[in-house]
Amino acid sequence: MFSNKLIKLFVLMLICLSLENKALAVDPEVLAKKALCHTCLAKIYVAQGQDPEAIKEYQELLKLIPNDAATHFDFGNVLARNNKPDLATAQFKFAAKLKPTIPEYQVGLGNGLMYVKDFEGAVQAYTKACMLGGKYQKQLQTAQQYQAQQKLLDQYKEKVKKQQENTE
Amino acid sequence: MIKNRRFKYLLLSLLFIATALPSLAVGDNTGSTGSITITRHANNAAKAFAARDYKKAKEEYRIAIGLSPDNLEFYYGLYDVCVHSGEWDQVVFALEKIFEIDESKKRSLLAQYGEALFHLNQYDRAIPVLKQALKEADIPAPKISLVVPAPMPEPVEDKPASGTGGAAGLVPNKMLPSDSGNLASTGPIPHHDILLAKDTGTFKLSFLNASHSECILTAEYLDYERNPDIQFFNPPIARYHISKILKGPPLNKDLPIRYEFYDRQSSAGMPPGWKFSIDKMPEKGSNWILFIRNAVPRDGAFDTYEGSYGRQPATQENLNEIYALLENSANR
């Protein structure tokens with residue numbers, strides 16, 4: 001008698017679990033449709049120069065398809081255009097990580113890192129882009145020059161610091 | 001005794017099945033369209049699509065649509081082909097036709113419609129459509145397949161199509177009576193030799209066949225575009241003004257027509273000594289009946305049905321015949 005009840009309870013639990021799973025699962029067709037709508041809307045707003053609207057659309061889109069490198073890259077470009085280099089760099093990083101073989105994504109990342117003054121990172125990204133077949137030698141040279149200057153500046157600062165310590 | 005009875009029942013049921021499924025008879029293979037010609041075009045389209053020959057696939061679907069303008073499958077096919085070939089104006093055309101035929105499909109295809117409008121740079125139209133599509137995305141919609149229809153059973157040429165016209169139960173009733181696609185359930189059923197058109201070489205240029213065109217209208221001839229390179233096989237673009245659309249979509253009143261000098265069924269070729277002059281063109285202000293097979297321009301101008309045959313003088317007699325055919329078609 002007791003075991004019978006237990007079995008019934010177990011079956012009921014299983015049914016509840018399966019129903020819950022069904023409710024939580026996202027229909028891939030719906031997902032694709034929503035992604036398509038947000039992509040189109042984002043691109044329309046970009047074309048119309050309505051960047052705040054475009055940013056909202058990209059944010060919604062990335063909630064749906066967080067592993068889409070192209071979307072991260074496009075979003076990064078919009079953010080970069082809107083003077084948000086930190087956020088843009090983060091998006092470029094995602095894009096380059098998700099698809100490390102696309103030179104454009106590496107260049108995007110390099111550009112972003114130049115803005116945030118991470119010249120070493122920028123050199124690395126540009127180097128990768130060149131190795132992948134892209135023609136970005138100019139950007140790479142510029143980044144290397146900046147990196148060298150940065151090094152000199154750091155060395156100079158350290159020297160000044162040491163001198164100050166000595167005089168004290 | 002009992003065994004004998006059982007045997008009789010078995011025979012009887014077999015006989016019943018055989019009579020109930022006439023479509024299974026050899027040579028009665030018209031696919032789900034009820035017409036050998038349409039099925040052939042649909043099959044050709046599906047095959048061309050599979051071979052990634054989108055141009056041919058599109059043309060075949062356009063012909064199939066011309067012959068059976070109410071068949072949703074062909075519009076789905078056209079949609080799919082043109083999405084692949086990036087012909088977004090055709091995509092919009094196909095989707096709008098689908099909505100026109102069955103409005104319930106609109107909800108499930110709104111996103112695709114918005115996408116096509118976006119590609120056509122019609123942003124003001126696209127934005128509300130896409131927003132609406134987003135709102136309705138969560139509402140479960142009836143499942144439809146947006147894929148090119150699979151090839152239908154191959155038509156059998158050497159056997160005449162039976163009058164009942166194909167897979168019973170699959171074919172809408174209105175398609176059954178006639179192999180001529182969307183015309184006349186009343187009157188005699190045309191022999192399929194006529195309907196197989198170019199394939200058999202016995203195609204007849206007739207108003208009946210021409211009336212399968214997507215668009216039929218009356219128009220006034222205005223002028224033609226001057227071009228130093230007008231040849232027999234390089235016709236000028238003639239300008240017409242639409243007076244009345246008898247069948248088909250609402251086209252712009254100013255109608256550019258590729259003014260071909262021969263009917264495409266003719267194998268006569270260019271007449272010796274043919275040279276273009278203004279007398280080869282109709283009189284300005286004259287009225288014509290134009291049969292436009294595919295209501296979509298090619299290189300900026302519409303093609304008339306089978307070349308010059310698609311332009312007929314708008315006489316009372318001709319108009320009367322067309323009206324009768326259209327009336328018959330509407331009452332099918």
# chains A, B, ... in the order shown; residues from 1 in each chain; ligands from 1
>>> residues_around(residues="Ile237 of chain B", least_positions_apart="2", cutoff="7 Å", atoms="only C-alpha atoms", output="VMD selection string")
chain B and resid 224 to 225 235 239 256 to 259 301
>>> residues_around(residues="Ile245 of chain B", least_positions_apart="2", cutoff="8 Å", atoms="only C-alpha atoms", output="PDB file with N, CA and C atoms, in the first residue's frame")
ATOM      1  N   CYS B 215      -0.926  38.325 -65.454  1.00  0.00           N
ATOM      2  CA  CYS B 215      -1.560  39.627 -65.562  1.00  0.00           C
ATOM      3  C   CYS B 215      -2.163  39.805 -66.963  1.00  0.00           C
ATOM      4  N   ILE B 216      -3.403  40.220 -67.003  1.00  0.00           N
ATOM      5  CA  ILE B 216      -4.043  40.550 -68.282  1.00  0.00           C
ATOM      6  C   ILE B 216      -4.630  41.944 -68.122  1.00  0.00           C
ATOM      7  N   LEU B 217      -4.356  42.790 -69.092  1.00  0.00           N
ATOM      8  CA  LEU B 217      -4.865  44.156 -68.956  1.00  0.00           C
ATOM      9  C   LEU B 217      -5.090  44.791 -70.319  1.00  0.00           C
ATOM     10  N   THR B 218      -5.825  45.864 -70.293  1.00  0.00           N
ATOM     11  CA  THR B 218      -5.951  46.650 -71.517  1.00  0.00           C
ATOM     12  C   THR B 218      -5.139  47.916 -71.306  1.00  0.00           C
ATOM     13  N   ILE B 242      -1.831  51.835 -68.721  1.00  0.00           N
ATOM     14  CA  ILE B 242      -2.868  50.844 -68.395  1.00  0.00           C
ATOM     15  C   ILE B 242      -4.239  51.515 -68.301  1.00  0.00           C
ATOM     16  N   SER B 243      -5.206  50.948 -69.041  1.00  0.00           N
ATOM     17  CA  SER B 243      -6.580  51.448 -68.937  1.00  0.00           C
ATOM     18  C   SER B 243      -7.344  50.641 -67.890  1.00  0.00           C
ATOM     19  N   LYS B 247      -6.874  41.104 -64.885  1.00  0.00           N
ATOM     20  CA  LYS B 247      -6.434  40.023 -63.988  1.00  0.00           C
ATOM     21  C   LYS B 247      -5.027  40.371 -63.488  1.00  0.00           C
ATOM     22  N   GLY B 248      -4.763  40.056 -62.239  1.00  0.00           N
ATOM     23  CA  GLY B 248      -3.398  40.218 -61.742  1.00  0.00           C
ATOM     24  C   GLY B 248      -3.234  41.390 -60.793  1.00  0.00           C
ATOM     25  N   PRO B 250      -2.068  45.024 -58.999  1.00  0.00           N
ATOM     26  CA  PRO B 250      -2.218  46.414 -59.445  1.00  0.00           C
ATOM     27  C   PRO B 250      -0.872  47.010 -59.843  1.00  0.00           C
TER      28      PRO B 250
END
>>> interface_residues(of="chain A", to="chain B", cutoff="7 Å", atoms="only C-alpha atoms", output="compact mmCIF listing (two decimals) with N, CA and C atoms, in the first residue's frame")
# COMPACT_ATOMS: atom_id res chain seq x y z
N VAL A 30 11.20 30.11 -32.54
CA VAL A 30 10.87 31.42 -31.95
C VAL A 30 12.15 32.22 -31.74
N LYS A 33 13.44 33.53 -34.96
CA LYS A 33 12.59 34.62 -35.45
C LYS A 33 12.90 35.92 -34.70
N LYS A 34 13.02 35.79 -33.37
CA LYS A 34 13.32 36.99 -32.57
C LYS A 34 14.69 37.55 -32.93
N LEU A 36 16.25 37.26 -35.70
CA LEU A 36 16.17 37.89 -37.03
C LEU A 36 15.60 39.31 -36.92
N CYS A 37 14.53 39.44 -36.14
CA CYS A 37 13.89 40.75 -35.98
C CYS A 37 14.85 41.75 -35.34
N CYS A 40 17.68 42.76 -37.76
CA CYS A 40 17.24 43.71 -38.79
C CYS A 40 17.01 45.09 -38.17
N LEU A 41 16.34 45.10 -37.02
CA LEU A 41 16.06 46.40 -36.38
C LEU A 41 17.37 47.11 -36.03
N ILE A 44 18.90 48.50 -39.12
CA ILE A 44 18.13 49.66 -39.61
C ILE A 44 18.48 50.90 -38.80
>>> residues_around(residues="Val107 of chain A", least_positions_apart="4", cutoff="8 Å", atoms="only C-alpha atoms", output="number ranges by chain")
A: 103, 111, 125-126, 129, 136
>>> write_last_selection(atoms="C-alpha atoms", output="PDB file, in the first residue's frame")
ATOM      1  CA  PRO A 103      41.360  38.885 -39.077  1.00  0.00           C
ATOM      2  CA  ASN A 111      41.677  49.177 -32.438  1.00  0.00           C
ATOM      3  CA  ALA A 125      45.912  41.497 -31.896  1.00  0.00           C
ATOM      4  CA  TYR A 126      47.322  43.227 -34.993  1.00  0.00           C
ATOM      5  CA  ALA A 129      45.405  39.734 -37.867  1.00  0.00           C
ATOM      6  CA  TYR A 136      47.212  45.510 -41.358  1.00  0.00           C
TER       7      TYR A 136
END
>>> residues_around(residues="Tyr79 of chain B", least_positions_apart="3", cutoff="9 Å", atoms="only C-alpha atoms", output="PyMOL selection string")
chain B and resi 74-76+82-84+88+90-95+146-148
>>> write_last_selection(atoms="N, CA and C atoms", output="mmCIF file, in the first residue's frame")
data_model
loop_
_atom_site.group_PDB
_atom_site.id
_atom_site.type_symbol
_atom_site.label_atom_id
_atom_site.label_comp_id
_atom_site.auth_asym_id
_atom_site.auth_seq_id
_atom_site.Cartn_x
_atom_site.Cartn_y
_atom_site.Cartn_z
ATOM 1 N N PHE B 74 3.833 27.094 -54.387
ATOM 2 C CA PHE B 74 4.724 27.701 -55.379
ATOM 3 C C PHE B 74 5.262 29.041 -54.876
ATOM 4 N N TYR B 75 4.429 29.747 -54.131
ATOM 5 C CA TYR B 75 4.904 31.016 -53.565
ATOM 6 C C TYR B 75 5.951 30.758 -52.483
ATOM 7 N N TYR B 76 5.723 29.696 -51.702
ATOM 8 C CA TYR B 76 6.745 29.314 -50.721
ATOM 9 C C TYR B 76 8.047 28.972 -51.435
ATOM 10 N N CYS B 82 14.315 32.798 -53.785
ATOM 11 C CA CYS B 82 14.759 34.197 -53.873
ATOM 12 C C CYS B 82 15.477 34.669 -52.607
ATOM 13 N N VAL B 83 15.186 34.029 -51.479
ATOM 14 C CA VAL B 83 15.980 34.330 -50.278
ATOM 15 C C VAL B 83 17.423 33.894 -50.536
ATOM 16 N N HIS B 84 17.565 32.726 -51.154
ATOM 17 C CA HIS B 84 18.912 32.219 -51.441
ATOM 18 C C HIS B 84 19.621 33.066 -52.488
ATOM 19 N N TRP B 88 15.306 40.239 -53.128
ATOM 20 C CA TRP B 88 14.357 40.557 -52.048
ATOM 21 C C TRP B 88 13.044 41.130 -52.557
ATOM 22 N N GLN B 90 11.478 39.964 -55.051
ATOM 23 C CA GLN B 90 10.693 38.759 -55.335
ATOM 24 C C GLN B 90 10.204 38.110 -54.035
ATOM 25 N N VAL B 91 11.037 38.204 -53.017
ATOM 26 C CA VAL B 91 10.653 37.647 -51.711
ATOM 27 C C VAL B 91 9.411 38.388 -51.198
ATOM 28 N N VAL B 92 9.460 39.708 -51.305
ATOM 29 C CA VAL B 92 8.312 40.517 -50.853
ATOM 30 C C VAL B 92 7.075 40.156 -51.674
ATOM 31 N N PHE B 93 7.276 40.004 -52.977
ATOM 32 C CA PHE B 93 6.156 39.648 -53.851
ATOM 33 C C PHE B 93 5.539 38.316 -53.405
ATOM 34 N N ALA B 94 6.405 37.311 -53.196
ATOM 35 C CA ALA B 94 5.915 35.978 -52.823
ATOM 36 C C ALA B 94 5.178 36.032 -51.488
ATOM 37 N N LEU B 95 5.759 36.738 -50.528
ATOM 38 C CA LEU B 95 5.128 36.791 -49.201
ATOM 39 C C LEU B 95 3.786 37.529 -49.254
ATOM 40 N N LEU B 146 8.789 26.239 -44.456
ATOM 41 C CA LEU B 146 9.236 27.221 -45.436
ATOM 42 C C LEU B 146 10.359 26.628 -46.253
ATOM 43 N N VAL B 147 10.061 25.544 -46.862
ATOM 44 C CA VAL B 147 11.087 24.911 -47.689
ATOM 45 C C VAL B 147 10.520 24.709 -49.081
ATOM 46 N N VAL B 148 11.404 24.588 -49.992
ATOM 47 C CA VAL B 148 10.957 24.346 -51.356
ATOM 48 C C VAL B 148 10.244 23.003 -51.395
#
>>> closest_residue(among="B:Leu246, B:Leu222, B:Ala314, B:Leu325", to="Met281 of chain B", atoms="only C-alpha atoms")
B:Leu222
>>> residues_around(residues="segment 286-288 of chain B", least_positions_apart="6", cutoff="7 Å", atoms="only C-alpha atoms", output="list in words")
Thr218, Ala219, Glu220, Tyr221, Arg311, Gln312, Pro313 and Ala314 of chain B
>>> atom_distance(atom1="atom CA of Val123 of chain A", atom2="atom CA of Gly110 of chain A")
7.0 Å
>>> residues_around(residues="Ala69 of chain A", least_positions_apart="2", cutoff="7 Å", atoms="only C-alpha atoms", output="list in words")
Asn67, Thr71, His72, Phe73, Phe94, Ala95, Leu98 and Lys99 of chain A
>>> write_last_selection(atoms="C-alpha atoms", output="mmCIF file, in the first residue's frame")
data_model
loop_
_atom_site.group_PDB
_atom_site.id
_atom_site.type_symbol
_atom_site.label_atom_id
_atom_site.label_comp_id
_atom_site.auth_asym_id
_atom_site.auth_seq_id
_atom_site.Cartn_x
_atom_site.Cartn_y
_atom_site.Cartn_z
ATOM 1 C CA ASN A 67 27.771 33.171 -28.784
ATOM 2 C CA THR A 71 26.849 40.258 -33.506
ATOM 3 C CA HIS A 72 29.510 41.008 -30.885
ATOM 4 C CA PHE A 73 31.670 42.553 -33.587
ATOM 5 C CA PHE A 94 34.195 38.225 -27.348
ATOM 6 C CA ALA A 95 34.122 38.211 -31.135
ATOM 7 C CA LEU A 98 34.516 33.079 -30.460
ATOM 8 C CA LYS A 99 36.049 33.185 -33.928
#
>>> closest_residue(among="A:Asn166, A:Gly76, A:Lys63, A:Arg81", to="Ala96 of chain A", atoms="only C-alpha atoms")
A:Gly76
>>> residues_around(residues="Gly273 of chain B", least_positions_apart="3", cutoff="12 Å", atoms="only C-alpha atoms", output="list of chain:residue names")
B:Gln231, B:Phe232, B:Gly269, B:Met270, B:Phe276
>>> atom_distance(atom1="atom CA of Val81 of chain B", atom2="atom CA of Lys58 of chain B")
6.4 Å
>>> atom_distance(atom1="atom CA of Pro100 of chain A", atom2="atom CA of Lys128 of chain A")
8.9 Å
